[in-house]
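Trainee: Contents of target_20.txt (compact mmCIF, C-alpha atoms):
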```
# COMPACT_ATOMS: atom_id res chain seq x y z
CA MET A 625 227.54 -29.31 -4.04
CA ALA A 626 230.21 -27.97 -6.41
CA THR A 627 231.23 -24.52 -5.31
CA GLU A 628 234.14 -23.72 -7.60
CA LEU A 629 233.79 -20.04 -8.37
CA ALA A 630 234.24 -18.82 -11.93
CA SER A 631 234.45 -15.09 -11.19
CA ARG A 632 237.72 -13.21 -11.29
CA PRO A 633 239.34 -12.97 -7.85
CA VAL A 634 241.10 -9.77 -6.83
CA THR A 635 243.56 -9.62 -3.96
CA VAL A 636 243.60 -6.48 -1.83
CA ALA A 637 245.58 -5.45 1.23
CA ASP A 638 242.77 -5.34 3.78
CA LEU A 639 239.09 -4.68 4.44
CA GLY A 640 239.36 -0.95 3.78
CA ALA A 641 241.13 -1.56 0.50
CA ALA A 642 238.40 -4.00 -0.54
CA ILE A 643 235.69 -1.43 0.07
CA GLU A 644 237.63 1.24 -1.81
CA LEU A 645 238.32 -1.09 -4.73
CA CYS A 646 234.58 -1.65 -5.14
CA TYR A 647 234.13 2.12 -5.33
CA THR A 648 236.99 2.51 -7.79
CA ASN A 649 235.61 -0.21 -10.04
CA GLY A 650 232.09 1.24 -9.99
CA TRP A 651 230.62 -1.82 -8.26
CA THR A 652 228.55 0.00 -5.64
CA ASP A 653 225.40 2.09 -5.48
CA GLY A 654 227.30 4.82 -3.66
CA LEU A 655 227.21 3.16 -0.25
CA PRO A 656 229.98 0.89 1.05
CA VAL A 657 229.63 -2.81 0.26
CA VAL A 658 230.57 -5.93 2.15
CA PRO A 659 233.62 -7.55 0.51
CA ALA A 660 232.55 -10.67 -1.38
CA THR A 661 234.95 -13.31 -0.13
CA ALA A 662 234.78 -16.93 -1.24
CA GLU A 663 233.53 -18.01 2.17
CA ARG A 664 230.63 -15.53 2.15
CA ILE A 665 229.73 -16.29 -1.48
CA LYS A 666 229.67 -20.03 -0.83
CA ALA A 667 227.51 -19.59 2.25
CA MET A 668 225.06 -17.62 0.12
CA LEU A 669 224.98 -20.33 -2.58
CA GLU A 670 224.54 -23.00 0.07
CA ALA A 671 221.59 -21.16 1.62
CA GLY A 672 220.01 -20.76 -1.82
CA GLY A 673 220.55 -24.43 -2.62
CA VAL A 674 222.08 -23.55 -5.98
CA GLU A 675 225.23 -24.40 -7.91
CA PRO A 676 227.30 -21.34 -8.81
CA GLY A 677 226.95 -21.93 -12.55
CA ARG A 678 223.19 -22.28 -12.55
CA GLN A 679 221.46 -19.71 -14.73
CA VAL A 680 218.92 -17.87 -12.58
CA ALA A 681 217.67 -15.57 -15.32
CA PHE A 682 218.41 -14.50 -18.86
CA ILE A 683 217.78 -10.89 -19.81
CA GLU A 684 216.83 -11.10 -23.47
CA ASN A 685 217.32 -7.46 -24.45
CA ARG A 686 220.81 -7.38 -22.96
CA GLN A 687 221.71 -10.97 -23.86
CA VAL A 688 222.93 -11.36 -20.30
CA SER A 689 222.89 -14.63 -18.42
CA ILE A 690 222.65 -14.14 -14.65
CA THR A 691 224.25 -17.00 -12.78
CA ALA A 692 223.67 -17.94 -9.17
CA GLU A 693 227.29 -17.08 -8.46
CA LYS A 694 226.82 -13.48 -9.59
CA VAL A 695 223.61 -13.20 -7.59
CA ALA A 696 225.45 -14.53 -4.54
CA ILE A 697 228.36 -12.10 -4.95
CA ASN A 698 226.03 -9.13 -5.22
CA ALA A 699 223.90 -10.35 -2.32
CA VAL A 700 227.01 -10.54 -0.14
CA MET A 701 228.02 -7.05 -1.23
CA ALA A 702 224.55 -5.72 -0.43
CA GLY A 703 224.86 -6.98 3.14
CA CYS A 704 222.39 -9.86 2.93
CA LYS A 705 222.41 -12.67 5.44
CA ALA A 706 222.83 -16.01 3.70
CA GLU A 707 219.26 -17.01 4.54
CA TYR A 708 217.94 -14.12 2.42
CA MET A 709 219.32 -15.77 -0.71
CA PRO A 710 216.14 -17.68 -1.70
CA VAL A 711 214.24 -14.37 -1.78
CA VAL A 712 216.92 -12.66 -3.84
CA LEU A 713 217.03 -15.57 -6.29
CA ALA A 714 213.25 -15.48 -6.77
CA ALA A 715 213.33 -11.73 -7.32
CA VAL A 716 216.10 -11.95 -9.91
CA GLU A 717 214.15 -14.70 -11.66
CA ALA A 718 211.17 -12.32 -11.78
CA LEU A 719 213.24 -9.57 -13.41
CA ALA A 720 213.54 -11.72 -16.53
CA ASP A 721 209.84 -12.52 -16.79
CA PRO A 722 208.60 -11.15 -20.16
CA LEU A 723 205.55 -9.74 -18.41
CA TYR A 724 207.83 -7.64 -16.18
CA GLY A 725 209.61 -6.48 -19.36
CA TYR A 726 212.97 -5.61 -17.85
CA HIS A 727 214.20 -3.32 -20.57
CA GLY A 728 211.43 -0.71 -20.37
CA PRO A 729 211.32 0.11 -16.67
CA ALA A 730 215.08 -0.36 -16.19
CA THR A 731 216.09 2.06 -18.91
CA SER A 732 213.26 4.59 -19.07
CA THR A 733 213.58 8.27 -18.27
CA GLY A 734 210.52 7.56 -16.10
CA GLY A 735 212.84 6.32 -13.36
CA SER A 736 211.01 3.47 -11.70
CA ALA A 737 212.45 1.19 -9.05
CA VAL A 738 211.86 -2.50 -8.35
CA PHE A 739 209.18 -2.59 -5.67
CA MET A 740 209.19 -5.99 -3.97
CA VAL A 741 206.54 -7.47 -1.69
CA VAL A 742 207.37 -10.65 0.19
CA ASN A 743 204.53 -12.91 1.31
CA GLY A 744 204.38 -16.14 3.23
CA PRO A 745 205.99 -17.47 6.43
CA ILE A 746 209.49 -16.58 5.20
CA ALA A 747 208.72 -12.88 5.55
CA ARG A 748 208.31 -13.28 9.30
CA ALA A 749 211.18 -15.76 9.60
CA LEU A 750 213.55 -13.27 7.98
CA ASP A 751 212.10 -10.30 9.87
CA ILE A 752 211.15 -8.40 6.73
CA ASN A 753 209.44 -5.30 8.02
CA SER A 754 205.74 -4.88 7.30
CA GLY A 755 205.05 -2.27 9.97
CA ASN A 756 206.39 1.03 11.28
CA ASN A 757 208.57 3.08 8.97
CA LEU A 758 207.63 0.69 6.19
CA PHE A 759 209.64 2.34 3.42
CA GLY A 760 212.29 3.78 5.74
CA PRO A 761 215.52 2.46 7.21
CA GLY A 762 216.02 0.14 10.17
CA TRP A 763 215.58 -3.44 8.96
CA ARG A 764 218.46 -5.39 7.53
CA ALA A 765 216.27 -7.65 5.37
CA ASN A 766 214.38 -4.76 3.76
CA ALA A 767 217.55 -2.77 3.29
CA THR A 768 219.68 -5.51 1.79
CA ILE A 769 217.33 -7.76 -0.22
CA GLY A 770 216.19 -4.86 -2.39
CA ARG A 771 219.74 -3.59 -2.56
CA ALA A 772 220.99 -6.99 -3.74
CA VAL A 773 218.54 -6.95 -6.65
CA ARG A 774 219.63 -3.43 -7.54
CA LEU A 775 223.31 -4.40 -7.43
CA VAL A 776 222.58 -7.33 -9.75
CA MET A 777 220.91 -4.86 -12.10
CA ARG A 778 223.96 -2.63 -11.93
CA ASN A 779 226.83 -5.08 -11.93
CA VAL A 780 225.45 -8.00 -13.92
CA ILE A 781 222.96 -6.41 -16.30
CA GLY A 782 224.87 -3.15 -16.65
CA THR A 783 222.01 -0.89 -15.62
CA LEU A 784 224.17 2.09 -14.69
CA PRO A 785 222.66 5.52 -14.15
CA GLY A 786 223.31 7.85 -17.06
CA GLU A 787 224.11 4.89 -19.28
CA LEU A 788 221.56 2.09 -19.60
CA ASP A 789 219.45 3.64 -16.84
CA GLN A 790 218.31 6.99 -18.22
CA SER A 791 216.06 7.99 -15.28
CA SER A 792 215.47 11.72 -15.20
CA LEU A 793 214.82 11.79 -11.46
CA GLY A 794 214.79 8.29 -10.02
CA HIS A 795 213.86 7.94 -6.36
CA ALA A 796 215.16 6.54 -3.10
CA GLY A 797 213.50 3.18 -3.79
CA LYS A 798 216.25 2.56 -6.29
CA TYR A 799 218.56 1.82 -3.34
CA THR A 800 216.07 -0.69 -1.96
CA TYR A 801 212.29 -1.02 -2.17
CA CYS A 802 211.42 -4.22 -0.36
CA ILE A 803 208.62 -4.79 2.15
CA ALA A 804 206.55 -7.63 3.52
CA GLU A 805 202.78 -7.60 3.75
CA ASN A 806 201.38 -7.59 7.28
CA GLU A 807 199.53 -10.88 6.94
CA VAL A 808 198.78 -11.07 10.67
CA ASP A 809 196.72 -7.90 10.96
CA SER A 810 195.53 -7.62 7.38
CA PRO A 811 191.78 -7.45 6.81
CA TRP A 812 192.31 -9.48 3.64
CA PRO A 813 193.83 -12.80 2.58
CA ALA A 814 197.56 -12.54 1.91
CA PHE A 815 198.27 -10.78 -1.37
CA HIS A 816 200.03 -13.75 -2.99
CA THR A 817 196.86 -15.82 -2.65
CA THR A 818 195.38 -13.53 -5.33
CA ARG A 819 198.15 -14.83 -7.62
CA GLY A 820 197.39 -18.50 -7.18
CA PHE A 821 199.59 -19.25 -4.17
CA ARG A 822 198.50 -20.80 -0.90
CA ALA A 823 198.88 -18.69 2.21
CA ASP A 824 201.54 -21.05 3.56
CA GLN A 825 203.68 -20.72 0.45
CA ASN A 826 206.40 -18.11 0.09
CA ALA A 827 206.35 -15.71 -2.83
CA VAL A 828 207.77 -12.40 -3.93
CA THR A 829 205.99 -9.90 -6.14
CA LEU A 830 207.97 -7.48 -8.28
CA PHE A 831 206.43 -4.28 -9.55
CA ALA A 832 208.21 -1.56 -11.54
CA ALA A 833 207.08 1.45 -9.60
CA TYR A 834 207.51 5.06 -8.75
CA ALA A 835 207.85 6.39 -5.20
CA PRO A 836 205.08 5.97 -2.62
CA HIS A 837 202.57 8.82 -2.66
CA GLN A 838 201.35 9.34 0.89
CA TYR A 839 197.97 10.74 1.88
CA SER A 840 196.32 11.33 5.23
CA ASN A 841 192.74 10.78 6.27
CA ARG A 842 192.02 11.59 9.90
CA LEU A 843 188.49 12.83 9.35
CA SER A 844 186.68 9.72 8.24
CA ALA A 845 186.22 6.28 9.78
CA THR A 846 184.54 4.64 6.81
CA PRO A 847 186.00 2.71 3.89
CA GLU A 848 184.42 5.17 1.48
CA GLY A 849 185.96 8.10 3.32
CA VAL A 850 189.47 6.66 3.27
CA LEU A 851 189.17 5.70 -0.37
CA ASP A 852 187.73 9.07 -1.39
CA THR A 853 190.92 10.66 -0.08
CA ALA A 854 193.08 8.10 -1.85
CA CYS A 855 191.17 8.54 -5.09
CA ALA A 856 191.41 12.33 -4.98
CA HIS A 857 195.20 11.96 -4.88
CA MET A 858 195.27 9.24 -7.53
CA ARG A 859 193.01 10.90 -10.08
CA ILE A 860 195.80 12.82 -11.82
CA SER A 861 198.95 11.17 -10.50
CA ALA A 862 202.17 9.85 -11.97
CA GLY A 863 200.62 7.05 -14.00
CA ALA A 864 197.49 8.89 -15.15
CA GLY A 865 196.76 8.62 -18.85
CA ARG A 866 198.88 5.49 -19.30
CA GLN A 867 196.99 3.02 -17.16
CA PRO A 868 199.80 1.14 -15.47
CA GLN A 869 199.02 -0.96 -12.42
CA TYR A 870 198.94 0.84 -9.06
CA ALA A 871 199.69 -0.54 -5.61
CA MET A 872 197.54 0.72 -2.75
CA VAL A 873 199.21 0.19 0.62
CA PHE A 874 196.98 0.62 3.65
CA ALA A 875 198.55 1.11 7.07
CA GLY A 876 197.17 -0.02 10.43
CA GLU A 877 194.37 2.43 11.24
CA HIS A 878 193.00 2.27 7.72
CA GLN A 879 193.27 -1.53 7.76
CA ALA A 880 191.14 -1.49 10.91
CA ILE A 881 188.45 0.58 9.19
CA PHE A 882 188.14 -1.94 6.36
CA ARG A 883 188.18 -4.85 8.83
CA LYS A 884 185.46 -3.33 10.99
CA ALA A 885 183.29 -2.62 7.96
CA GLY A 886 183.93 -6.09 6.52
CA TRP A 887 185.18 -4.78 3.23
CA SER A 888 186.89 -7.33 0.98
CA ARG A 889 189.92 -6.57 -1.15
CA GLU A 890 187.64 -6.78 -4.21
CA GLN A 891 185.29 -4.15 -2.77
CA VAL A 892 188.25 -1.85 -2.19
CA GLN A 893 189.42 -2.41 -5.76
CA ARG A 894 185.99 -1.74 -7.24
CA TYR A 895 185.35 1.40 -5.22
CA ALA A 896 188.81 2.82 -5.88
CA PHE A 897 188.57 1.98 -9.58
CA GLU A 898 185.28 3.79 -9.94
CA HIS A 899 186.17 6.83 -7.85
CA SER A 900 189.68 7.51 -9.13
CA GLN A 901 188.55 8.02 -12.71
CA ALA A 902 189.20 11.40 -14.24
CA THR A 903 187.43 12.55 -17.38
CA VAL A 904 189.22 12.68 -20.70
CA ALA A 905 188.66 16.44 -20.63
CA GLU A 906 190.45 16.80 -17.28
CA LEU A 907 193.39 14.77 -18.51
CA LYS A 908 193.62 16.71 -21.76
CA ARG A 909 193.57 20.01 -19.90
CA ALA A 910 196.38 18.73 -17.70
CA ASN A 911 198.33 17.69 -20.83
CA VAL A 912 198.25 14.11 -19.70
CA LEU A 913 196.30 13.01 -22.79
CA PRO A 914 196.97 14.59 -26.20
CA GLY A 915 194.60 16.60 -28.35
CA PRO A 916 192.04 19.37 -27.99
CA VAL A 917 189.17 18.96 -25.54
CA GLU A 918 186.02 17.84 -27.39
CA PRO A 919 182.55 18.36 -25.88
CA ALA A 920 182.09 14.61 -25.37
CA ASP A 921 185.34 14.47 -23.37
CA GLU A 922 183.67 16.25 -20.43
CA LYS A 923 181.71 13.15 -19.52
CA LYS A 924 183.99 10.47 -20.88
CA PRO A 925 185.70 8.65 -17.97
CA PHE A 926 189.32 7.57 -18.16
CA PRO A 927 190.23 5.17 -15.34
CA VAL A 928 193.64 5.37 -13.69
CA VAL A 929 194.06 1.63 -14.30
CA GLU A 930 192.53 -0.68 -16.90
CA THR A 931 190.64 -2.91 -14.47
CA PRO A 932 189.94 -3.02 -10.71
CA GLN A 933 192.33 -5.99 -10.46
CA ASP A 934 195.15 -3.70 -11.57
CA LEU A 935 194.96 -2.09 -8.14
CA LEU A 936 197.31 -4.17 -6.00
CA VAL A 937 195.74 -3.80 -2.56
CA LEU A 938 198.21 -4.46 0.27
CA ALA A 939 198.15 -4.22 4.05
CA ALA A 940 201.38 -2.83 5.50
CA GLY A 941 202.67 0.07 7.57
CA GLY A 942 202.56 1.19 11.19
CA GLN A 943 199.62 0.41 13.44
CA ALA A 944 199.28 4.04 14.55
CA GLY A 945 198.65 6.95 12.25
CA VAL A 946 196.20 7.97 9.59
CA GLN A 947 198.56 7.64 6.65
CA SER A 948 198.38 5.27 3.73
CA CYS A 949 199.84 5.48 0.25
CA PHE A 950 199.51 4.48 -3.34
CA ILE A 951 202.35 3.58 -5.67
CA PRO A 952 201.99 4.25 -9.39
CA GLY A 953 203.49 1.69 -11.70
CA TRP A 954 205.83 2.51 -14.53
CA GLY A 955 204.58 3.06 -18.09
CA GLY A 956 201.53 1.08 -19.11
CA LYS A 957 200.59 -2.57 -18.83
CA ALA A 958 201.88 -3.28 -22.33
CA GLY A 959 205.35 -2.35 -21.11
CA SER A 960 205.46 -3.89 -17.64
CA GLN A 961 203.24 -5.69 -15.19
CA SER A 962 203.77 -6.95 -11.67
CA VAL A 963 204.84 -10.58 -11.46
CA THR A 964 204.85 -13.01 -8.53
CA LYS A 965 207.35 -15.84 -8.20
CA PRO A 966 207.65 -18.65 -5.69
CA ILE A 967 210.50 -18.48 -3.19
CA ARG A 968 212.16 -21.88 -3.01
CA VAL A 969 213.76 -22.61 0.32
CA PRO A 970 216.05 -25.65 0.06
CA MET B 1090 246.09 -9.39 6.27
CA SER B 1091 245.34 -9.53 2.57
CA LEU B 1092 241.88 -10.35 1.32
CA GLN B 1093 240.54 -11.93 -1.86
CA ILE B 1094 237.24 -10.66 -3.25
CA TYR B 1095 235.34 -11.61 -6.37
CA ASP B 1096 234.27 -9.57 -9.37
CA PRO B 1097 230.47 -9.02 -9.28
CA THR B 1098 230.16 -8.04 -12.96
CA THR B 1099 229.53 -9.99 -16.10
CA GLY B 1100 229.35 -9.20 -19.80
CA ALA B 1101 226.90 -10.01 -22.53
CA SER B 1102 227.17 -13.69 -23.20
CA GLY B 1103 224.47 -14.39 -25.71
CA ARG B 1104 224.32 -14.99 -29.39
CA ASN B 1105 225.91 -12.84 -32.05
CA VAL B 1106 223.37 -10.83 -33.98
CA LYS B 1107 224.23 -10.22 -37.62
CA PHE B 1108 223.06 -7.01 -39.19
CA ALA B 1109 221.14 -7.30 -42.43
CA ALA B 1110 223.08 -6.27 -45.52
CA ARG B 1111 222.66 -2.57 -46.28
CA PRO B 1112 221.29 -1.71 -49.76
CA LYS B 1113 223.50 0.54 -51.87
CA SER B 1114 220.49 2.62 -52.90
CA LEU B 1115 216.95 3.11 -51.68
CA ALA B 1116 215.64 3.56 -55.23
CA GLY B 1117 212.49 1.50 -55.69
CA LEU B 1118 212.62 0.03 -52.20
CA ARG B 1119 209.78 -0.15 -49.68
CA ILE B 1120 210.32 1.47 -46.27
CA GLY B 1121 209.05 0.02 -43.00
CA LEU B 1122 208.56 2.45 -40.12
CA VAL B 1123 208.45 1.29 -36.50
CA ASP B 1124 206.34 3.64 -34.40
CA ASN B 1125 207.69 3.33 -30.85
CA THR B 1126 204.39 4.57 -29.29
CA LYS B 1127 205.81 7.91 -28.15
CA HIS B 1128 203.71 10.97 -28.90
CA ASN B 1129 204.53 12.38 -32.36
CA SER B 1130 206.89 9.52 -33.23
CA ASP B 1131 204.56 8.66 -36.12
CA GLN B 1132 204.77 12.23 -37.39
CA LEU B 1133 208.56 12.18 -37.32
CA LEU B 1134 208.76 8.82 -39.05
CA LEU B 1135 206.30 9.81 -41.77
CA ARG B 1136 208.37 12.90 -42.51
CA ILE B 1137 211.46 10.72 -42.73
CA ALA B 1138 209.63 8.40 -45.11
CA ALA B 1139 208.57 11.37 -47.24
CA LEU B 1140 212.19 12.49 -47.49
CA LEU B 1141 213.38 8.99 -48.34
CA GLU B 1142 210.78 8.84 -51.09
CA SER B 1143 211.32 12.34 -52.51
CA ARG B 1144 215.12 12.48 -52.27
CA HIS B 1145 216.22 8.88 -52.45
CA GLY B 1146 213.64 7.21 -54.65
CA ALA B 1147 212.02 4.87 -52.13
CA LYS B 1148 208.70 3.84 -53.59
CA ALA B 1149 206.43 3.17 -50.61
CA HIS B 1150 206.23 3.01 -46.85
CA LEU B 1151 204.40 1.06 -44.18
CA ILE B 1152 204.06 2.29 -40.58
CA ARG B 1153 203.09 0.06 -37.67
CA LYS B 1154 203.02 0.70 -33.95
CA LYS B 1155 204.77 -1.40 -31.30
CA LYS B 1156 202.85 -2.28 -28.16
CA SER B 1157 205.37 -0.59 -25.87
CA ALA B 1158 208.43 1.57 -26.36
CA GLY B 1159 210.42 -0.73 -24.10
CA ALA B 1160 209.61 -3.93 -25.94
CA ALA B 1161 210.59 -5.37 -29.30
CA PRO B 1162 207.97 -5.20 -32.09
CA HIS B 1163 205.44 -8.00 -31.75
CA ALA B 1164 205.45 -10.96 -34.12
CA GLU B 1165 202.51 -9.84 -36.25
CA ILE B 1166 204.05 -6.56 -37.32
CA ILE B 1167 207.45 -8.18 -37.88
CA GLU B 1168 205.73 -10.54 -40.34
CA GLU B 1169 204.12 -7.56 -42.07
CA TYR B 1170 207.48 -5.83 -42.39
CA LYS B 1171 209.08 -9.00 -43.76
CA ALA B 1172 206.34 -9.43 -46.33
CA ASN B 1173 206.08 -5.81 -47.46
CA CYS B 1174 209.31 -3.94 -46.74
CA ASP B 1175 212.91 -3.91 -47.96
CA VAL B 1176 214.39 -1.64 -45.26
CA ILE B 1177 213.27 -0.61 -41.79
CA VAL B 1178 213.57 2.67 -39.94
CA ALA B 1179 213.54 2.09 -36.20
CA GLY B 1180 214.87 3.92 -33.20
CA VAL B 1181 214.20 4.86 -29.65
CA GLY B 1182 213.31 8.41 -28.82
CA ASP B 1183 211.18 10.46 -26.53
```
What does this structure look like when you write it as structure tokens?
Mentor:
Amino acid sequence: MATELASRPVTVADLGAAIELCYTNGWTDGLPVVPATAERIKAMLEAGGVEPGRQVAFIENRQVSITAEKVAINAVMAGCKAEYMPVVLAAVEALADPLYGYHGPATSTGGSAVFMVVNGPIARALDINSGNNLFGPGWRANATIGRAVRLVMRNVIGTLPGELDQSSLGHAGKYTYCIAENEVDSPWPAFHTTRGFRADQNAVTLFAAYAPHQYSNRLSATPEGVLDTACAHMRISAGAGRQPQYAMVFAGEHQAIFRKAGWSREQVQRYAFEHSQATVAELKRANVLPGPVEPADEKKPFPVVETPQDLLVLAAGGQAGVQSCFIPGWGGKAGSQSVTKPIRVP
Amino acid sequence: MSLQIYDPTTGASGRNVKFAARPKSLAGLRIGLVDNTKHNSDQLLLRIAALLESRHGAKAHLIRKKKSAGAAPHAEIIEEYKANCDVIVAGVGD
């Protein structure tokens, strides 16, 4: 495999100087990065099975070609192990999918992050956390795979805060927002099988999304009870009125309730779709929809999402505890939708 | 011991986009307005069109809505603009 690197090399005095240079040049997300040496970059390319010059993605709105070499450099800087590279490559490929619509969620004042869900055997092989402290720190794969994608967005696509990225608030998921689904304990088939993949295939789903919105239900042991709590929180939430997709992430105790009751993913979607609907009148009064409240608005439903299938139902999170969460998507479906790409392990 | 690291950045590498020639006057021209889907953007654009017509002699306007603020106008409305408009007013705002 040809591994001649085309990127500009910079010589620095030592490790500390390398880290500082990355700060000085604006190449980091605010945290220190691992210096991208030729040896580390080549190991990353080798693990991804890609030539450095191969175009991984082309971002139409920015007219930017993302090469495997640039992905590898940013993955090294993020702290990825070389074996994470196939996941990072698949995620970067997904960024350029027209359905994902890079430009909207990346630039919007809305301030979404790139939520990534890894499915398939690779998630367990790479130890991508699907359990305790799901969205918190502690797992190298979760911390660095999402960070690598973000660094590509920053350094290759130029998505710098205050410049191309005009987020008003942003959220911590913009450092990294990568999880695996808990396929072992899940009451449902693995999520990627709903996107046409086999359970034994590896895939990553990207979803332009706001922060997780946690809710607690310790008073009910029925699917309806858990979902009634979720729906009460979702009814007028971050995406209300625009009908983006929403992810619903159920942690261990809530997973067990659905398993015991034999509820399918589709039943969860249908129930949540029906019970999270606000009326047009409610949304107008909350200034989520425009215009004066008309008498007919009082009984006119306005679903949070367009269809039940726009609720991305996932099993992940700690086995103990009565918490679960939902994650509103950015904008509306016309602007961005979740996309799932195969992870190719050479 | 010195260390060599590699630049993680890249620049735009795509095609050059040529701007359309600007007309010297709007007199008698037809204005196309691109509604970016944001609330009240249509109101703002229609007021702009009214000014272009009353002060600069533009003779007509056509307003169409994109599917999403973050996306380019879809093919159908681009065809309508091409068939019916001489100049376009577009922008991104909130």
Trainee: Should the cut-off be 8 Å, what would the residue list for chain A against chain B look like, counting only C-alpha atoms, as a ChimeraX atom specification?
Mentor: /A:631-639,642,651,659-662,686-689,694,697-698,725,727-729,732,779-781,956,958-959
Trainee: Using all atoms listed in the file, which residues sit within 10 Å of range 818-824 of chain A once same-chain residues fewer than 2 positions away are excluded, as a list in words?
Mentor: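 What passes the distance filter is Asn743, Gly744, Pro745, Ile746, Glu807, Pro813, Ala814, Phe815, His816, Asn826, Ala827, Thr829, Arg889, Gln933, Leu936, Val963, Thr964, Lys965 and Pro966 of chain A.
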Trainee: With distances taken over all atoms listed in the file, which residue among B:Gly1117, B:Lys1148, B:Val1106, B:Lys1127 lies nearest Arg866 in chain A?
Mentor: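 Checking each of B:Gly1117, B:Lys1148, B:Val1106, B:Lys1127 against Arg866 in chain A, counting all atoms listed in the file, the winner is B:Lys1127.
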Trainee: One decimal, Å: what's the distance from CA of Glu675 in chain A over to CA of Met740 in chain A, could you say?
Mentor: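 It comes out at 24.7 Å.
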Trainee: Please work out which residues fall within 8 Å of (210.2, 6.3, -53.4), coordinates as given in the file, with only C-alpha atoms counting, and return them as a ChimeraX atom specification.
Mentor: /B:1115-1119,1141-1149
Trainee: I want to know what sits within 8 Å of range 719-721 of chain A, based on all atoms listed in the file, with residues of the same chain fewer than 2 positions away left out; could you give that as a list in words?
Mentor: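 The residues satisfying every condition are Ala681, Phe682, Ile683, Glu684, Ala715, Val716, Glu717, Leu723, Tyr724, Gly725, Tyr726, Leu830 and Val963 of chain A.
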Trainee: What is the distance, in Å and to one decimal place, between CA of Glu848 in chain A and CA of Gly876 in chain A?
Mentor: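 So the answer is 16.4 Å.
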Trainee: What separation in Å, quoted to one decimal, exists between CA of Thr931 in chain A and CA of Val892 in chain A?
Mentor: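 Between CA of Thr931 in chain A and CA of Val892 in chain A the gap works out to 12.6 Å.
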Trainee: May I ask which of the residues A:Asn911, A:Ser736, A:Ser962, A:Thr768 is the closest one to Met709 in chain A, counting all atoms listed in the file?
Mentor: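 For Met709 in chain A, the nearest of the given residues is A:Thr768.
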Trainee: Neighbours of Thr731 in chain A within 8 Å (only C-alpha atoms; same-chain residues fewer than 3 positions away dropped), as a PyMOL selection string?
Mentor: chain A and resi 727-728+735+783+788-791
Trainee: Could the centre and edge lengths of an axis-aligned box, enclosing all atoms of range 825-829 of chain A in the file with 6 Å extra on each side, be given in Å to one decimal as AutoDock Vina command-line options?
Mentor:
```
--center_x 205.7 --center_y -15.3 --center_z -2.8 --size_x 16.1 --size_y 22.8 --size_z 18.6
```
Trainee: I want to know what sits within 7 Å of Asn766 in chain A, based on all atoms listed in the file, with residues of the same chain fewer than 5 positions away left out; could you give that as a count of residues only?
Mentor: 4
Trainee: Could range 937-948 of chain A be completed with N, CA and C atoms and returned as an mmCIF file, in the coordinates of the input?
Mentor:
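Output file rebuild08.cif is given in full below:
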```cif
data_model
loop_
_atom_site.group_PDB
_atom_site.id
_atom_site.type_symbol
_atom_site.label_atom_id
_atom_site.label_comp_id
_atom_site.auth_asym_id
_atom_site.auth_seq_id
_atom_site.Cartn_x
_atom_site.Cartn_y
_atom_site.Cartn_z
ATOM 1 N N VAL A 937 196.119 -4.267 -3.906
ATOM 2 C CA VAL A 937 195.740 -3.800 -2.560
ATOM 3 C C VAL A 937 196.534 -4.584 -1.510
ATOM 4 N N LEU A 938 197.295 -3.841 -0.707
ATOM 5 C CA LEU A 938 198.210 -4.460 0.270
ATOM 6 C C LEU A 938 197.984 -3.872 1.657
ATOM 7 N N ALA A 939 198.225 -4.681 2.666
ATOM 8 C CA ALA A 939 198.150 -4.220 4.050
ATOM 9 C C ALA A 939 199.562 -4.182 4.620
ATOM 10 N N ALA A 940 200.038 -2.985 4.919
ATOM 11 C CA ALA A 940 201.380 -2.830 5.500
ATOM 12 C C ALA A 940 201.534 -1.409 6.008
ATOM 13 N N GLY A 941 202.437 -1.257 6.982
ATOM 14 C CA GLY A 941 202.670 0.070 7.570
ATOM 15 C C GLY A 941 202.363 0.047 9.051
ATOM 16 N N GLY A 942 202.700 1.127 9.745
ATOM 17 C CA GLY A 942 202.560 1.190 11.190
ATOM 18 C C GLY A 942 201.117 1.062 11.660
ATOM 19 N N GLN A 943 200.967 0.588 12.897
ATOM 20 C CA GLN A 943 199.620 0.410 13.440
ATOM 21 C C GLN A 943 198.982 1.747 13.824
ATOM 22 N N ALA A 944 199.811 2.728 14.180
ATOM 23 C CA ALA A 944 199.280 4.040 14.550
ATOM 24 C C ALA A 944 199.478 5.024 13.424
ATOM 25 N N GLY A 945 198.522 5.911 13.269
ATOM 26 C CA GLY A 945 198.650 6.950 12.250
ATOM 27 C C GLY A 945 197.581 6.818 11.193
ATOM 28 N N VAL A 946 197.321 7.925 10.542
ATOM 29 C CA VAL A 946 196.200 7.970 9.590
ATOM 30 C C VAL A 946 196.728 8.086 8.163
ATOM 31 N N GLN A 947 197.941 7.563 7.970
ATOM 32 C CA GLN A 947 198.560 7.640 6.650
ATOM 33 C C GLN A 947 198.418 6.309 5.906
ATOM 34 N N SER A 948 198.216 6.407 4.622
ATOM 35 C CA SER A 948 198.380 5.270 3.730
ATOM 36 C C SER A 948 199.021 5.808 2.464
#
```
